[in-house]
$ cat model.txt   # compact mmCIF, C-alpha atoms
# COMPACT_ATOMS: atom_id res chain seq x y z
CA MET A 1 0.00 0.00 0.00
CA LEU A 2 2.83 2.37 0.89
CA PHE A 3 4.61 1.81 -2.41
CA GLU A 4 1.37 2.42 -4.30
CA LYS A 5 1.08 5.80 -2.60
CA ILE A 6 4.73 6.54 -3.37
CA ARG A 7 4.23 5.65 -7.02
CA GLU A 8 1.14 7.86 -7.18
CA TYR A 9 3.18 10.69 -5.70
CA PHE A 10 5.96 10.17 -8.24
CA ALA A 11 3.43 10.13 -11.08
CA VAL A 12 2.09 13.53 -9.99
CA LEU A 13 5.60 14.90 -9.52
CA LYS A 14 6.75 13.62 -12.91
CA ALA A 15 3.71 15.14 -14.64
CA GLN A 16 4.48 18.49 -13.04
CA GLN A 17 8.14 18.26 -14.05
CA THR A 18 7.12 17.48 -17.62
CA ILE A 19 4.80 20.50 -17.70
CA LEU A 20 7.54 22.68 -16.25
CA ARG A 21 10.09 21.48 -18.79
CA ASP A 22 7.65 22.02 -21.68
CA MET A 23 6.88 25.53 -20.41
CA GLN A 24 10.57 26.38 -20.27
CA ILE A 25 11.07 25.13 -23.82
CA ARG A 26 8.10 27.14 -25.07
CA VAL A 27 9.29 30.28 -23.30
CA GLN A 28 12.74 29.94 -24.85
CA ASP A 29 11.24 29.32 -28.27
CA ILE A 30 8.97 32.36 -28.05
CA GLN A 31 11.85 34.48 -26.81
CA ASP A 32 14.09 33.41 -29.69
CA ARG A 33 11.44 34.13 -32.30
CA VAL A 34 10.55 37.53 -30.84
CA TYR A 35 14.16 38.68 -30.66
CA ASP A 36 14.67 37.62 -34.26
CA ASP A 37 11.89 40.05 -35.24
CA LEU A 38 12.80 43.02 -33.05
CA ASP A 39 15.59 44.87 -34.91
CA LYS A 40 16.44 47.68 -32.43
CA ASN A 41 12.86 48.36 -31.36
CA THR A 42 13.53 49.49 -27.79
CA ASP A 43 9.91 49.66 -26.67
CA ALA A 44 9.18 46.18 -27.97
CA GLN A 45 12.28 44.86 -26.21
CA ILE A 46 11.13 46.37 -22.91
CA ARG A 47 7.72 44.74 -23.29
CA VAL A 48 9.35 41.40 -24.14
CA HIS A 49 11.54 41.61 -21.04
CA ASP A 50 8.48 42.39 -18.92
CA ILE A 51 6.59 39.38 -20.28
CA GLN A 52 9.66 37.20 -19.83
CA ASP A 53 10.05 38.27 -16.19
CA ARG A 54 6.42 37.44 -15.44
CA VAL A 55 6.64 34.03 -17.13
CA TYR A 56 9.80 33.12 -15.25
CA ASP A 57 8.10 34.19 -12.03
CA VAL A 58 5.39 31.60 -12.76
CA LEU A 59 8.06 28.98 -13.47
CA TRP A 60 9.82 29.80 -10.19
CA GLN A 61 6.55 29.41 -8.30
CA GLN A 62 6.10 25.99 -9.91
CA LYS A 63 9.62 24.92 -8.82
CA THR A 64 8.93 26.17 -5.31
CA SER A 65 5.69 24.21 -5.21
CA ASN A 66 7.50 21.01 -6.25
CA HIS A 67 10.11 21.58 -3.53
CA GLN A 68 7.38 22.09 -0.92
CA ARG A 69 5.66 18.87 -1.98
CA GLU A 70 8.92 16.95 -1.66
CA MET A 71 9.56 18.35 1.83
CA MET A 72 6.01 17.36 2.81
CA PHE A 73 6.63 13.83 1.50
CA TRP A 74 9.75 13.43 3.64
CA GLU A 75 7.97 14.72 6.74
CA ILE A 76 5.19 12.17 6.22
CA TYR A 77 7.67 9.33 5.64
CA LYS A 78 9.95 10.27 8.53
CA LEU A 79 9.79 8.19 11.73
CA PRO A 80 9.70 9.87 15.16
CA GLY A 81 13.19 10.97 16.22
CA GLU A 82 14.74 9.97 12.87
CA GLN A 83 17.31 12.18 11.14
CA LEU A 84 16.30 13.33 7.64
CA LEU A 85 19.29 11.65 5.98
CA ASP A 86 18.43 8.36 7.71
CA THR A 87 14.85 8.77 6.48
CA LYS A 88 16.02 9.19 2.91
CA LEU A 89 18.42 6.25 3.12
CA ARG A 90 15.66 4.07 4.54
CA PHE A 91 13.38 5.11 1.69
CA PHE A 92 15.91 4.32 -1.03
CA HIS A 93 16.88 1.01 0.57
CA THR A 94 13.25 -0.10 0.60
CA ILE A 95 12.61 0.60 -3.09
CA PRO A 96 12.21 -2.86 -4.68
CA SER A 97 14.97 -4.11 -6.95
CA ALA A 98 14.44 -4.63 -10.65
CA THR A 99 12.79 -7.89 -11.64
CA GLY A 100 12.82 -10.36 -14.51
CA ASN A 101 15.33 -9.95 -17.31
CA GLU A 102 16.37 -6.53 -16.00
CA ARG A 103 17.46 -8.04 -12.69
CA LYS A 104 19.19 -10.97 -14.39
CA SER A 105 21.10 -8.48 -16.51
CA GLN A 106 22.08 -6.48 -13.41
CA LEU A 107 23.29 -9.55 -11.53
CA LEU A 108 25.28 -10.75 -14.53
CA LEU A 109 26.87 -7.33 -14.78
CA ALA A 110 27.57 -7.25 -11.03
CA THR A 111 29.47 -10.53 -11.37
CA LEU A 112 31.50 -9.11 -14.25
CA LEU A 113 32.26 -6.03 -12.13
CA LYS A 114 33.47 -8.21 -9.25
CA GLU A 115 35.84 -10.15 -11.52
CA ILE A 116 37.24 -7.04 -13.22
CA CYS A 117 37.76 -5.25 -9.91
CA GLN A 118 39.50 -8.32 -8.46
CA LEU A 119 41.81 -8.28 -11.48
CA CYS A 120 42.54 -4.59 -10.84
CA GLU A 121 43.20 -5.11 -7.14
CA GLN A 122 45.45 -8.13 -7.73
CA ASN A 123 47.56 -5.99 -10.06
CA GLU A 124 47.42 -2.83 -7.92
CA LEU A 125 45.47 -0.83 -10.49
CA PRO A 126 43.29 1.76 -8.70
CA TYR A 127 39.68 2.09 -9.87
CA TRP A 128 36.53 3.62 -8.40
CA LEU A 129 32.79 3.26 -8.96
CA ASP A 130 31.61 6.24 -10.98
CA PHE A 131 28.46 8.14 -12.00
CA GLY A 132 25.19 6.21 -11.58
CA THR A 133 27.03 3.18 -10.19
CA LEU A 134 28.52 5.36 -7.44
CA ILE A 135 25.09 6.80 -6.65
CA GLY A 136 23.76 3.25 -6.45
CA ALA A 137 26.46 2.31 -3.93
CA ILE A 138 25.83 5.41 -1.79
CA ARG A 139 22.05 5.38 -1.93
CA HIS A 140 20.99 1.75 -2.52
CA SER A 141 24.09 -0.34 -1.66
CA GLY A 142 23.66 -1.75 -5.16
CA PHE A 143 22.08 -0.93 -8.49
CA ILE A 144 19.69 1.96 -8.82
CA PRO A 145 16.65 -0.27 -9.50
CA TRP A 146 15.96 1.34 -12.87
CA ASP A 147 19.62 1.47 -13.99
CA ASP A 148 21.18 -1.01 -16.40
CA ASP A 149 24.89 -0.27 -16.76
CA ILE A 150 28.08 0.01 -14.67
CA ASP A 151 30.67 2.77 -14.81
CA ILE A 152 34.11 2.83 -13.25
CA GLY A 153 36.78 5.53 -13.34
CA MET A 154 40.52 4.93 -13.73
CA MET A 155 43.59 7.05 -14.25
CA ARG A 156 44.64 6.85 -17.88
CA GLY A 157 47.86 4.90 -17.29
CA ASP A 158 46.09 2.34 -15.11
CA ALA A 159 43.34 1.86 -17.71
CA ASP A 160 46.01 1.18 -20.33
CA LYS A 161 47.56 -1.46 -18.07
CA LEU A 162 44.14 -3.07 -17.55
CA ALA A 163 43.69 -3.25 -21.33
CA GLN A 164 46.99 -5.12 -21.59
CA LEU A 165 45.96 -7.58 -18.88
CA LEU A 166 42.68 -8.31 -20.66
CA GLN A 167 44.61 -9.49 -23.70
CA GLN A 168 46.67 -12.07 -21.81
CA GLY A 169 46.10 -15.77 -21.11
CA LYS A 170 42.87 -16.79 -19.41
CA ASN A 171 41.67 -13.20 -19.30
CA ALA A 172 41.60 -13.10 -23.09
CA GLU A 173 39.63 -16.36 -23.11
CA ARG A 174 37.02 -15.12 -20.61
CA TYR A 175 36.65 -11.42 -21.49
CA GLN A 176 36.52 -9.24 -24.54
CA PHE A 177 37.02 -5.53 -24.60
CA ARG A 178 37.03 -2.74 -27.12
CA LYS A 179 39.03 0.42 -26.87
CA VAL A 180 38.17 2.19 -30.06
CA PHE A 181 37.24 5.63 -31.33
CA PHE A 182 33.96 6.76 -32.81
CA ASN A 183 32.25 10.02 -33.63
CA GLN A 184 29.31 11.30 -31.60
CA SER A 185 27.49 14.54 -32.36
CA GLU A 186 27.62 16.10 -28.86
CA ASN A 187 31.13 14.93 -27.98
CA GLY A 188 32.98 14.66 -31.25
CA ILE A 189 35.48 11.83 -31.55
CA ILE A 190 35.56 9.88 -28.29
CA GLN A 191 37.35 6.79 -27.05
CA VAL A 192 35.26 3.89 -25.78
CA PHE A 193 36.59 1.31 -23.32
CA GLN A 194 34.04 -1.42 -22.59
CA ILE A 195 34.51 -4.88 -21.08
CA ARG A 196 32.22 -7.89 -21.59
CA TYR A 197 32.18 -11.61 -21.21
CA ARG A 198 33.53 -13.37 -24.28
CA GLU A 199 30.17 -15.10 -24.90
CA ALA A 200 28.31 -11.77 -25.18
CA PRO A 201 29.35 -10.14 -28.46
CA PHE A 202 29.20 -6.38 -28.82
CA GLY A 203 25.98 -5.42 -30.55
CA THR A 204 23.77 -7.48 -28.24
CA VAL A 205 21.92 -5.92 -25.30
CA ILE A 206 23.99 -7.90 -22.81
CA PRO A 207 25.60 -5.10 -20.76
CA SER A 208 29.25 -4.19 -20.30
CA VAL A 209 31.43 -2.42 -17.76
CA ASP A 210 32.33 1.05 -19.07
CA VAL A 211 35.70 2.52 -18.10
CA PHE A 212 36.21 6.31 -18.05
CA PHE A 213 39.65 7.93 -18.30
CA TYR A 214 41.04 10.56 -15.93
CA ASP A 215 44.27 12.55 -16.03
CA TYR A 216 46.52 14.16 -13.42
CA CYS A 217 47.13 17.89 -13.80
CA ASN A 218 48.64 20.75 -11.81
CA ARG A 219 46.25 23.58 -12.71
CA CYS A 220 42.80 24.28 -11.28
CA ASP A 221 42.42 28.08 -11.51
CA ALA A 222 39.41 30.01 -12.79
CA ASP A 223 40.41 29.56 -16.44
CA SER A 224 41.33 25.86 -16.33
CA TRP A 225 37.87 24.41 -17.00
CA LYS A 226 37.15 27.14 -19.54
CA CYS A 227 40.30 26.06 -21.34
CA PHE A 228 39.17 22.41 -21.22
CA GLN A 229 35.74 23.30 -22.62
CA GLN A 230 37.26 25.38 -25.40
CA GLU A 231 39.55 22.54 -26.49
CA LYS A 232 36.65 20.10 -26.29
CA GLN A 233 34.50 22.35 -28.48
CA GLU A 234 37.27 22.60 -31.06
CA LEU A 235 37.56 18.81 -30.97
CA VAL A 236 33.81 18.55 -31.61
CA ASP A 237 34.03 21.04 -34.49
CA GLU A 238 36.93 19.20 -36.13
CA SER A 239 35.10 15.89 -35.65
CA GLU A 240 32.18 17.21 -37.69
CA LEU A 241 34.56 17.74 -40.58
CA HIS A 242 35.93 14.23 -40.25
CA ALA A 243 33.09 12.60 -42.16
CA ARG A 244 34.74 9.21 -42.40
CA THR A 245 33.91 8.50 -38.75
CA GLN A 246 30.25 9.53 -38.68
CA VAL A 247 29.18 5.90 -38.27
CA PRO A 248 29.58 4.85 -34.59
CA PHE A 249 31.94 2.05 -33.63
CA VAL A 250 34.08 1.89 -36.76
CA PHE A 251 36.71 -0.81 -36.35
CA ASP A 252 38.82 0.04 -39.38
CA LYS A 253 42.45 0.38 -38.21
CA GLN A 254 43.23 3.32 -40.48
CA ILE A 255 40.17 5.28 -39.38
CA ASN A 256 40.87 4.55 -35.73
CA GLN A 257 44.43 5.78 -36.24
CA GLU A 258 43.13 9.00 -37.79
CA CYS A 259 40.74 9.46 -34.85
CA ALA A 260 43.54 8.77 -32.37
CA GLU A 261 45.69 11.45 -34.00
CA ILE A 262 42.90 14.04 -33.78
CA VAL A 263 42.19 13.30 -30.12
CA ASP A 264 45.89 13.22 -29.28
CA LYS A 265 46.35 16.68 -30.78
CA TYR A 266 43.88 18.19 -28.30
CA TYR A 267 45.14 16.01 -25.48
CA GLN A 268 48.68 17.31 -26.03
CA ARG A 269 47.41 20.88 -26.02
CA LEU A 270 45.70 20.34 -22.68
CA LYS A 271 48.72 18.49 -21.37
CA GLU A 272 50.77 21.64 -21.88
CA GLU A 273 48.12 24.22 -20.93
CA LEU A 274 46.90 22.48 -17.76
CA GLN A 275 50.24 20.89 -16.89
CA TYR A 276 49.18 17.25 -17.19
CA GLN A 277 51.32 14.69 -15.37
CA ASP A 278 51.77 10.99 -16.08
CA SER A 279 51.58 10.26 -12.36
CA ASP A 280 50.71 11.93 -9.09
CA ALA A 281 49.76 15.66 -9.25
CA LYS A 282 47.64 18.16 -7.30
CA TYR A 283 44.44 17.74 -9.33
CA ILE A 284 42.49 15.21 -11.39
CA ILE A 285 40.53 16.05 -14.54
CA PHE A 286 38.04 14.15 -16.69
CA GLY A 287 39.62 12.85 -19.92
CA ILE A 288 38.98 14.88 -23.07
CA ASP A 289 38.36 11.65 -25.00
CA ASN A 290 35.49 10.57 -22.73
CA ILE A 291 31.80 11.08 -23.40
CA HIS A 292 31.40 14.55 -21.95
CA TYR A 293 28.53 16.92 -22.64
CA LEU A 294 29.58 20.53 -23.03
CA ASN A 295 26.59 21.80 -21.05
CA TYR A 296 27.65 20.07 -17.81
CA GLN A 297 27.26 22.61 -15.02
CA ASP A 298 30.03 21.26 -12.83
CA GLU A 299 33.71 21.82 -13.46
CA HIS A 300 34.92 18.24 -13.66
CA ILE A 301 38.36 19.06 -12.35
CA PHE A 302 38.99 18.62 -8.65
CA PRO A 303 41.67 18.17 -5.97
CA LYS A 304 43.35 14.79 -5.92
CA GLU A 305 42.01 14.33 -2.37
CA TYR A 306 38.48 13.98 -3.79
CA ILE A 307 39.56 10.62 -5.23
CA PHE A 308 42.59 9.40 -3.26
CA PRO A 309 43.07 7.63 -0.95
CA LEU A 310 40.19 5.45 -2.07
CA LYS A 311 37.70 3.99 0.40
CA LYS A 312 35.12 1.21 0.01
CA LEU A 313 31.34 0.98 -0.10
CA GLU A 314 29.02 -1.97 -0.58
CA PHE A 315 27.55 -2.66 -4.01
CA GLU A 316 25.40 -5.76 -4.54
CA GLY A 317 26.88 -7.57 -1.56
CA HIS A 318 30.55 -6.81 -2.23
CA GLN A 319 32.93 -4.01 -1.23
CA TYR A 320 34.32 -1.80 -4.00
CA PHE A 321 36.53 1.25 -4.11
CA VAL A 322 34.87 4.66 -4.33
CA PRO A 323 36.29 8.21 -4.24
CA ASN A 324 37.63 9.35 -0.88
CA ARG A 325 35.28 12.35 -0.70
CA TYR A 326 32.53 10.78 -2.75
CA MET A 327 29.79 13.22 -1.76
CA ASP A 328 31.92 16.24 -2.70
CA TYR A 329 32.73 14.44 -5.94
CA ILE A 330 29.24 13.39 -7.03
CA MET A 331 27.01 16.25 -5.82
CA PRO A 332 28.27 18.91 -8.29
CA MET A 333 27.40 16.54 -11.14
CA TYR A 334 23.94 15.44 -10.01
CA GLY A 335 22.84 17.87 -7.31
CA ASP A 336 21.15 16.36 -4.26
CA ILE A 337 21.27 12.63 -4.95
CA PHE A 338 18.85 12.07 -2.06
CA SER A 339 16.07 14.14 -3.62
CA LEU A 340 13.17 12.20 -5.11
CA PRO A 341 14.48 10.85 -8.44
CA SER A 342 12.70 12.30 -11.46
CA ASP A 343 13.56 9.29 -13.65
CA MET A 344 12.03 6.66 -11.35
CA LEU A 345 9.00 6.10 -13.59
CA SER A 346 10.49 7.20 -16.89
CA HIS A 347 13.58 5.03 -17.28
CA LYS A 348 13.04 2.44 -19.98
CA HIS A 349 15.13 -0.69 -20.21
CA ILE A 350 16.19 -1.88 -23.63
CA GLU A 351 13.65 -4.26 -25.06
CA MET A 352 15.12 -7.67 -25.69
CA LYS A 353 14.64 -9.74 -28.79
CA ALA A 354 14.09 -13.46 -28.34
CA SER A 355 17.72 -14.16 -29.29
CA ASP A 356 18.99 -11.66 -26.70
CA GLU A 357 16.77 -13.15 -24.01
CA GLU A 358 18.00 -16.63 -24.85
CA LEU A 359 21.63 -15.44 -24.65
CA LEU A 360 20.95 -13.67 -21.33
CA ASN A 361 19.42 -16.77 -19.76
CA ARG A 362 22.23 -18.99 -21.05
CA MET A 363 24.90 -16.69 -19.65
CA TYR A 364 23.01 -16.19 -16.39
CA ASP A 365 22.90 -19.97 -15.84
CA LYS A 366 26.57 -20.35 -16.77
CA VAL A 367 28.03 -17.44 -14.79
CA LEU A 368 25.73 -17.30 -11.77
$ encode --input "model.txt" --output "C-alpha cells"
Amino acid sequence: MLFEKIREYFAVLKAQQTILRDMQIRVQDIQDRVYDDLDKNTDAQIRVHDIQDRVYDVLWQQKTSNHQREMMFWEIYKLPGEQLLDTKLRFFHTIPSATGNERKSQLLLATLLKEICQLCEQNELPYWLDFGTLIGAIRHSGFIPWDDDIDIGMMRGDADKLAQLLQQGKNAERYQFRKVFFNQSENGIIQVFQIRYREAPFGTVIPSVDVFFYDYCNRCDADSWKCFQQEKQELVDESELHARTQVPFVFDKQINQECAEIVDKYYQRLKEELQYQDSDAKYIIFGIDNIHYLNYQDEHIFPKEYIFPLKKLEFEGHQYFVPNRYMDYIMPMYGDIFSLPSDMLSHKHIEMKASDEELLNRMYDKVL
C-alpha cells in the first residue's frame, strides 16, 4: 500500500516536471522568435523583457511548489526521532529491486564487475565506482533499480595497463574488450573502453562495464575548466569535418588511427596548458576523449584528495573502491542525490529480442 502511494506521488511529480520542462522550452522558443523580429525596437524589447520576467516568475513558483511537496513527502515518511538523511536512506533502501530480465542483466553485470575489480586489485590498479554506479552504492548499496549499466573511473595509465591484462592468457579467453574511437554529435570523436564476457558479443543488449579515463594535472584556476571546454568544443568542431567516422563504432584500423591522432592533438594541447602529469599531481581532470557533454554545469576538475586515498562501499553484496570524498565528488554533477528521483518512472530498459533473451538466460545460468 505504501509503495502504491509513493508511485502515485511520483506520477504527480513527474507530470508536473514534464509540464515545467515544456513551459521552459516554449518560453525559450517564443523568446528566440521575438528577438529575431525586433531589430532595435527598444519599446518592444522592454515589453518582451516584462513578459519574460512574469513568465519566469510563474516557473519559479512551480519549482517552489514542487520543492514544498517533496519536503512534505519526507515529513510524512519520517519516523519519530529519525534524522532526515536516515529517512532518505531508509526510503531508497526499501525501493524494490528490478525484476525479470532486467534483474538478471544487473546480476550478470555485477558478477563481471566483481571479476574485473579483483583483477585490478590483484595488479594494484586503482579504480573507483563512478556516475550512476557510485550513486547506487551510496544510496541503494547496489544498483539503482531502474539502472542497467556500470561505470568505473581509472587514471589513464592504469586503464592502459588493464587493457593489456585483458589481452593475456585466461583473461583473453574469458573477457573481450574494445578500446576504439567513434564520432558522436555532442562529444565529437571519443574513445570507448568497454569490457564484456567473451560469450556476449558487442551489438547485443547484454551489458558491459564502461571505463572512463582521468588525467593528473597541476592547474585548477578560474580559467582551467574554460580552457578544457574550449579545447573540447574545437575537438567537436573538427570531428564534424571528419566525415569518415560519422558511423559509430568503426573498427577500421586506419580510421581509428586518424581518430587517435585528432584526439591526441587536443590532449597534447591540454597536457601543456593544464600541466598534465603521467603520475601523481595536485588535481584530477576528466579525460577529453570521454563522453562529456559541453553543457555540464560542474567543473569536472577537482583536488586529488576527492579521489585518493580510495575507500570502500558496498555494491550488490561486495565491497568496492569509491572516491575518498565521494559526496563532494558526485554532488556537483547530479545535485542532491537524495532528492526524489525524477527518472524513477520514466527510465526504460532496452527491449530484448528473443535471441537476446536466450543469450541472457544462457549466460546467467553459466556465470551465476
$ atom_distance --input "model.txt" --atom1 "CA of Met72 in chain A" --atom2 "CA of Ile95 in chain A"
19.0 Å
$ closest_residue --input "model.txt" --among "A:Ile288, A:Leu368, A:Ala172, A:Ile76" --to "Ser105 in chain A" --atoms "all atoms listed in the file"
A:Leu368
$ atom_distance --input "model.txt" --atom1 "CA of Pro341 in chain A" --atom2 "CA of Pro80 in chain A"
24.1 Å
$ residues_around --input "model.txt" --residues "range 253-257 of chain A" --least-positions-apart "3" --cutoff "7 Å" --atoms "all atoms listed in the file" --output "list in words"
Val180, Phe181, Ala260 and Glu261 of chain A
$ closest_residue --input "model.txt" --among "A:Pro145, A:Pro303, A:Gly169, A:Gly136" --to "Asp215 in chain A" --atoms "all atoms listed in the file"
A:Pro303
$ atom_distance --input "model.txt" --atom1 "CA of Val322 in chain A" --atom2 "CA of Asp130 in chain A"
7.6 Å
$ residues_around --input "model.txt" --residues "range 329-331 of chain A" --least-positions-apart "2" --cutoff "9 Å" --atoms "only C-alpha atoms" --output "count of residues only"
18
$ closest_residue --input "model.txt" --among "A:Asn218, A:Ser141, A:Asn290, A:Thr204" --to "Phe315 in chain A" --atoms "all atoms listed in the file"
A:Ser141
$ closest_residue --input "model.txt" --among "A:Lys104, A:His242, A:Lys232, A:Lys311" --to "Phe286 in chain A" --atoms "all atoms listed in the file"
A:Lys232
$ residues_around --input "model.txt" --residues "Pro201 in chain A" --least-positions-apart "6" --cutoff "12 Å" --atoms "all atoms listed in the file" --output "ChimeraX atom specification"
/A:175-178,194-195,207-208,356,359-360,363
$ closest_residue --input "model.txt" --among "A:Gly287, A:Leu79, A:Glu238, A:Cys227" --to "Ala159 in chain A" --atoms "only C-alpha atoms"
A:Gly287
$ closest_residue --input "model.txt" --among "A:Ala200, A:Glu124, A:Leu89, A:Phe213" --to "Glu358 in chain A" --atoms "all atoms listed in the file"
A:Ala200
$ residues_around --input "model.txt" --residues "Asp158 in chain A" --least-positions-apart "6" --cutoff "9 Å" --atoms "all atoms listed in the file" --output "PyMOL selection string"
chain A and resi 120+124-127
$ axis_aligned_box --input "model.txt" --around "range 279-288 of chain A" --padding-each-side "5 Å" --output "lines of an AutoDock Vina configuration file"
center_x = 44.8
center_y = 14.2
center_z = -15.2
size_x = 23.5
size_y = 17.9
size_z = 25.8
$ residues_around --input "model.txt" --residues "Lys265 in chain A" --least-positions-apart "6" --cutoff "12 Å" --atoms "all atoms listed in the file" --output "VMD selection string"
chain A and resid 189 231 to 232 234 to 235 238 258 to 259 271 to 272 288 to 289
$ write_last_selection --input "model.txt" --atoms "C-alpha atoms" --output "PDB file, keeping the file's coordinate frame"
ATOM      1  CA  ILE A 189      35.480  11.830 -31.550  1.00  0.00           C
ATOM      2  CA  GLU A 231      39.550  22.540 -26.490  1.00  0.00           C
ATOM      3  CA  LYS A 232      36.650  20.100 -26.290  1.00  0.00           C
ATOM      4  CA  GLU A 234      37.270  22.600 -31.060  1.00  0.00           C
ATOM      5  CA  LEU A 235      37.560  18.810 -30.970  1.00  0.00           C
ATOM      6  CA  GLU A 238      36.930  19.200 -36.130  1.00  0.00           C
ATOM      7  CA  GLU A 258      43.130   9.000 -37.790  1.00  0.00           C
ATOM      8  CA  CYS A 259      40.740   9.460 -34.850  1.00  0.00           C
ATOM      9  CA  LYS A 271      48.720  18.490 -21.370  1.00  0.00           C
ATOM     10  CA  GLU A 272      50.770  21.640 -21.880  1.00  0.00           C
ATOM     11  CA  ILE A 288      38.980  14.880 -23.070  1.00  0.00           C
ATOM     12  CA  ASP A 289      38.360  11.650 -25.000  1.00  0.00           C
TER      13      ASP A 289
END
$ residues_near_point --input "model.txt" --point "(42.2, 25.0, -16.5)" --cutoff "10 Å" --atoms "all atoms listed in the file" --output "MDAnalysis selection string"
chainID A and resid 217:229 270 273:275 285 299 301
$ decode --input "model.txt" --residues "range 224-286 of chain A" --atoms "C-alpha atoms" --output "short mmCIF file (atom, residue, chain, number, x, y, z; two decimals), in the first residue's frame"
data_model
loop_
_atom_site.label_atom_id
_atom_site.label_comp_id
_atom_site.auth_asym_id
_atom_site.auth_seq_id
_atom_site.Cartn_x
_atom_site.Cartn_y
_atom_site.Cartn_z
CA SER A 224 41.33 25.86 -16.33
CA TRP A 225 37.87 24.41 -17.00
CA LYS A 226 37.15 27.14 -19.54
CA CYS A 227 40.30 26.06 -21.34
CA PHE A 228 39.17 22.41 -21.22
CA GLN A 229 35.74 23.30 -22.62
CA GLN A 230 37.26 25.38 -25.40
CA GLU A 231 39.55 22.54 -26.49
CA LYS A 232 36.65 20.10 -26.29
CA GLN A 233 34.50 22.35 -28.48
CA GLU A 234 37.27 22.60 -31.06
CA LEU A 235 37.56 18.81 -30.97
CA VAL A 236 33.81 18.55 -31.61
CA ASP A 237 34.03 21.04 -34.49
CA GLU A 238 36.93 19.20 -36.13
CA SER A 239 35.10 15.89 -35.65
CA GLU A 240 32.18 17.21 -37.69
CA LEU A 241 34.56 17.74 -40.58
CA HIS A 242 35.93 14.23 -40.25
CA ALA A 243 33.09 12.60 -42.16
CA ARG A 244 34.74 9.21 -42.40
CA THR A 245 33.91 8.50 -38.75
CA GLN A 246 30.25 9.53 -38.68
CA VAL A 247 29.18 5.90 -38.27
CA PRO A 248 29.58 4.85 -34.59
CA PHE A 249 31.94 2.05 -33.63
CA VAL A 250 34.08 1.89 -36.76
CA PHE A 251 36.71 -0.81 -36.35
CA ASP A 252 38.82 0.04 -39.38
CA LYS A 253 42.45 0.38 -38.21
CA GLN A 254 43.23 3.32 -40.48
CA ILE A 255 40.17 5.28 -39.38
CA ASN A 256 40.87 4.55 -35.73
CA GLN A 257 44.43 5.78 -36.24
CA GLU A 258 43.13 9.00 -37.79
CA CYS A 259 40.74 9.46 -34.85
CA ALA A 260 43.54 8.77 -32.37
CA GLU A 261 45.69 11.45 -34.00
CA ILE A 262 42.90 14.04 -33.78
CA VAL A 263 42.19 13.30 -30.12
CA ASP A 264 45.89 13.22 -29.28
CA LYS A 265 46.35 16.68 -30.78
CA TYR A 266 43.88 18.19 -28.30
CA TYR A 267 45.14 16.01 -25.48
CA GLN A 268 48.68 17.31 -26.03
CA ARG A 269 47.41 20.88 -26.02
CA LEU A 270 45.70 20.34 -22.68
CA LYS A 271 48.72 18.49 -21.37
CA GLU A 272 50.77 21.64 -21.88
CA GLU A 273 48.12 24.22 -20.93
CA LEU A 274 46.90 22.48 -17.76
CA GLN A 275 50.24 20.89 -16.89
CA TYR A 276 49.18 17.25 -17.19
CA GLN A 277 51.32 14.69 -15.37
CA ASP A 278 51.77 10.99 -16.08
CA SER A 279 51.58 10.26 -12.36
CA ASP A 280 50.71 11.93 -9.09
CA ALA A 281 49.76 15.66 -9.25
CA LYS A 282 47.64 18.16 -7.30
CA TYR A 283 44.44 17.74 -9.33
CA ILE A 284 42.49 15.21 -11.39
CA ILE A 285 40.53 16.05 -14.54
CA PHE A 286 38.04 14.15 -16.69
#
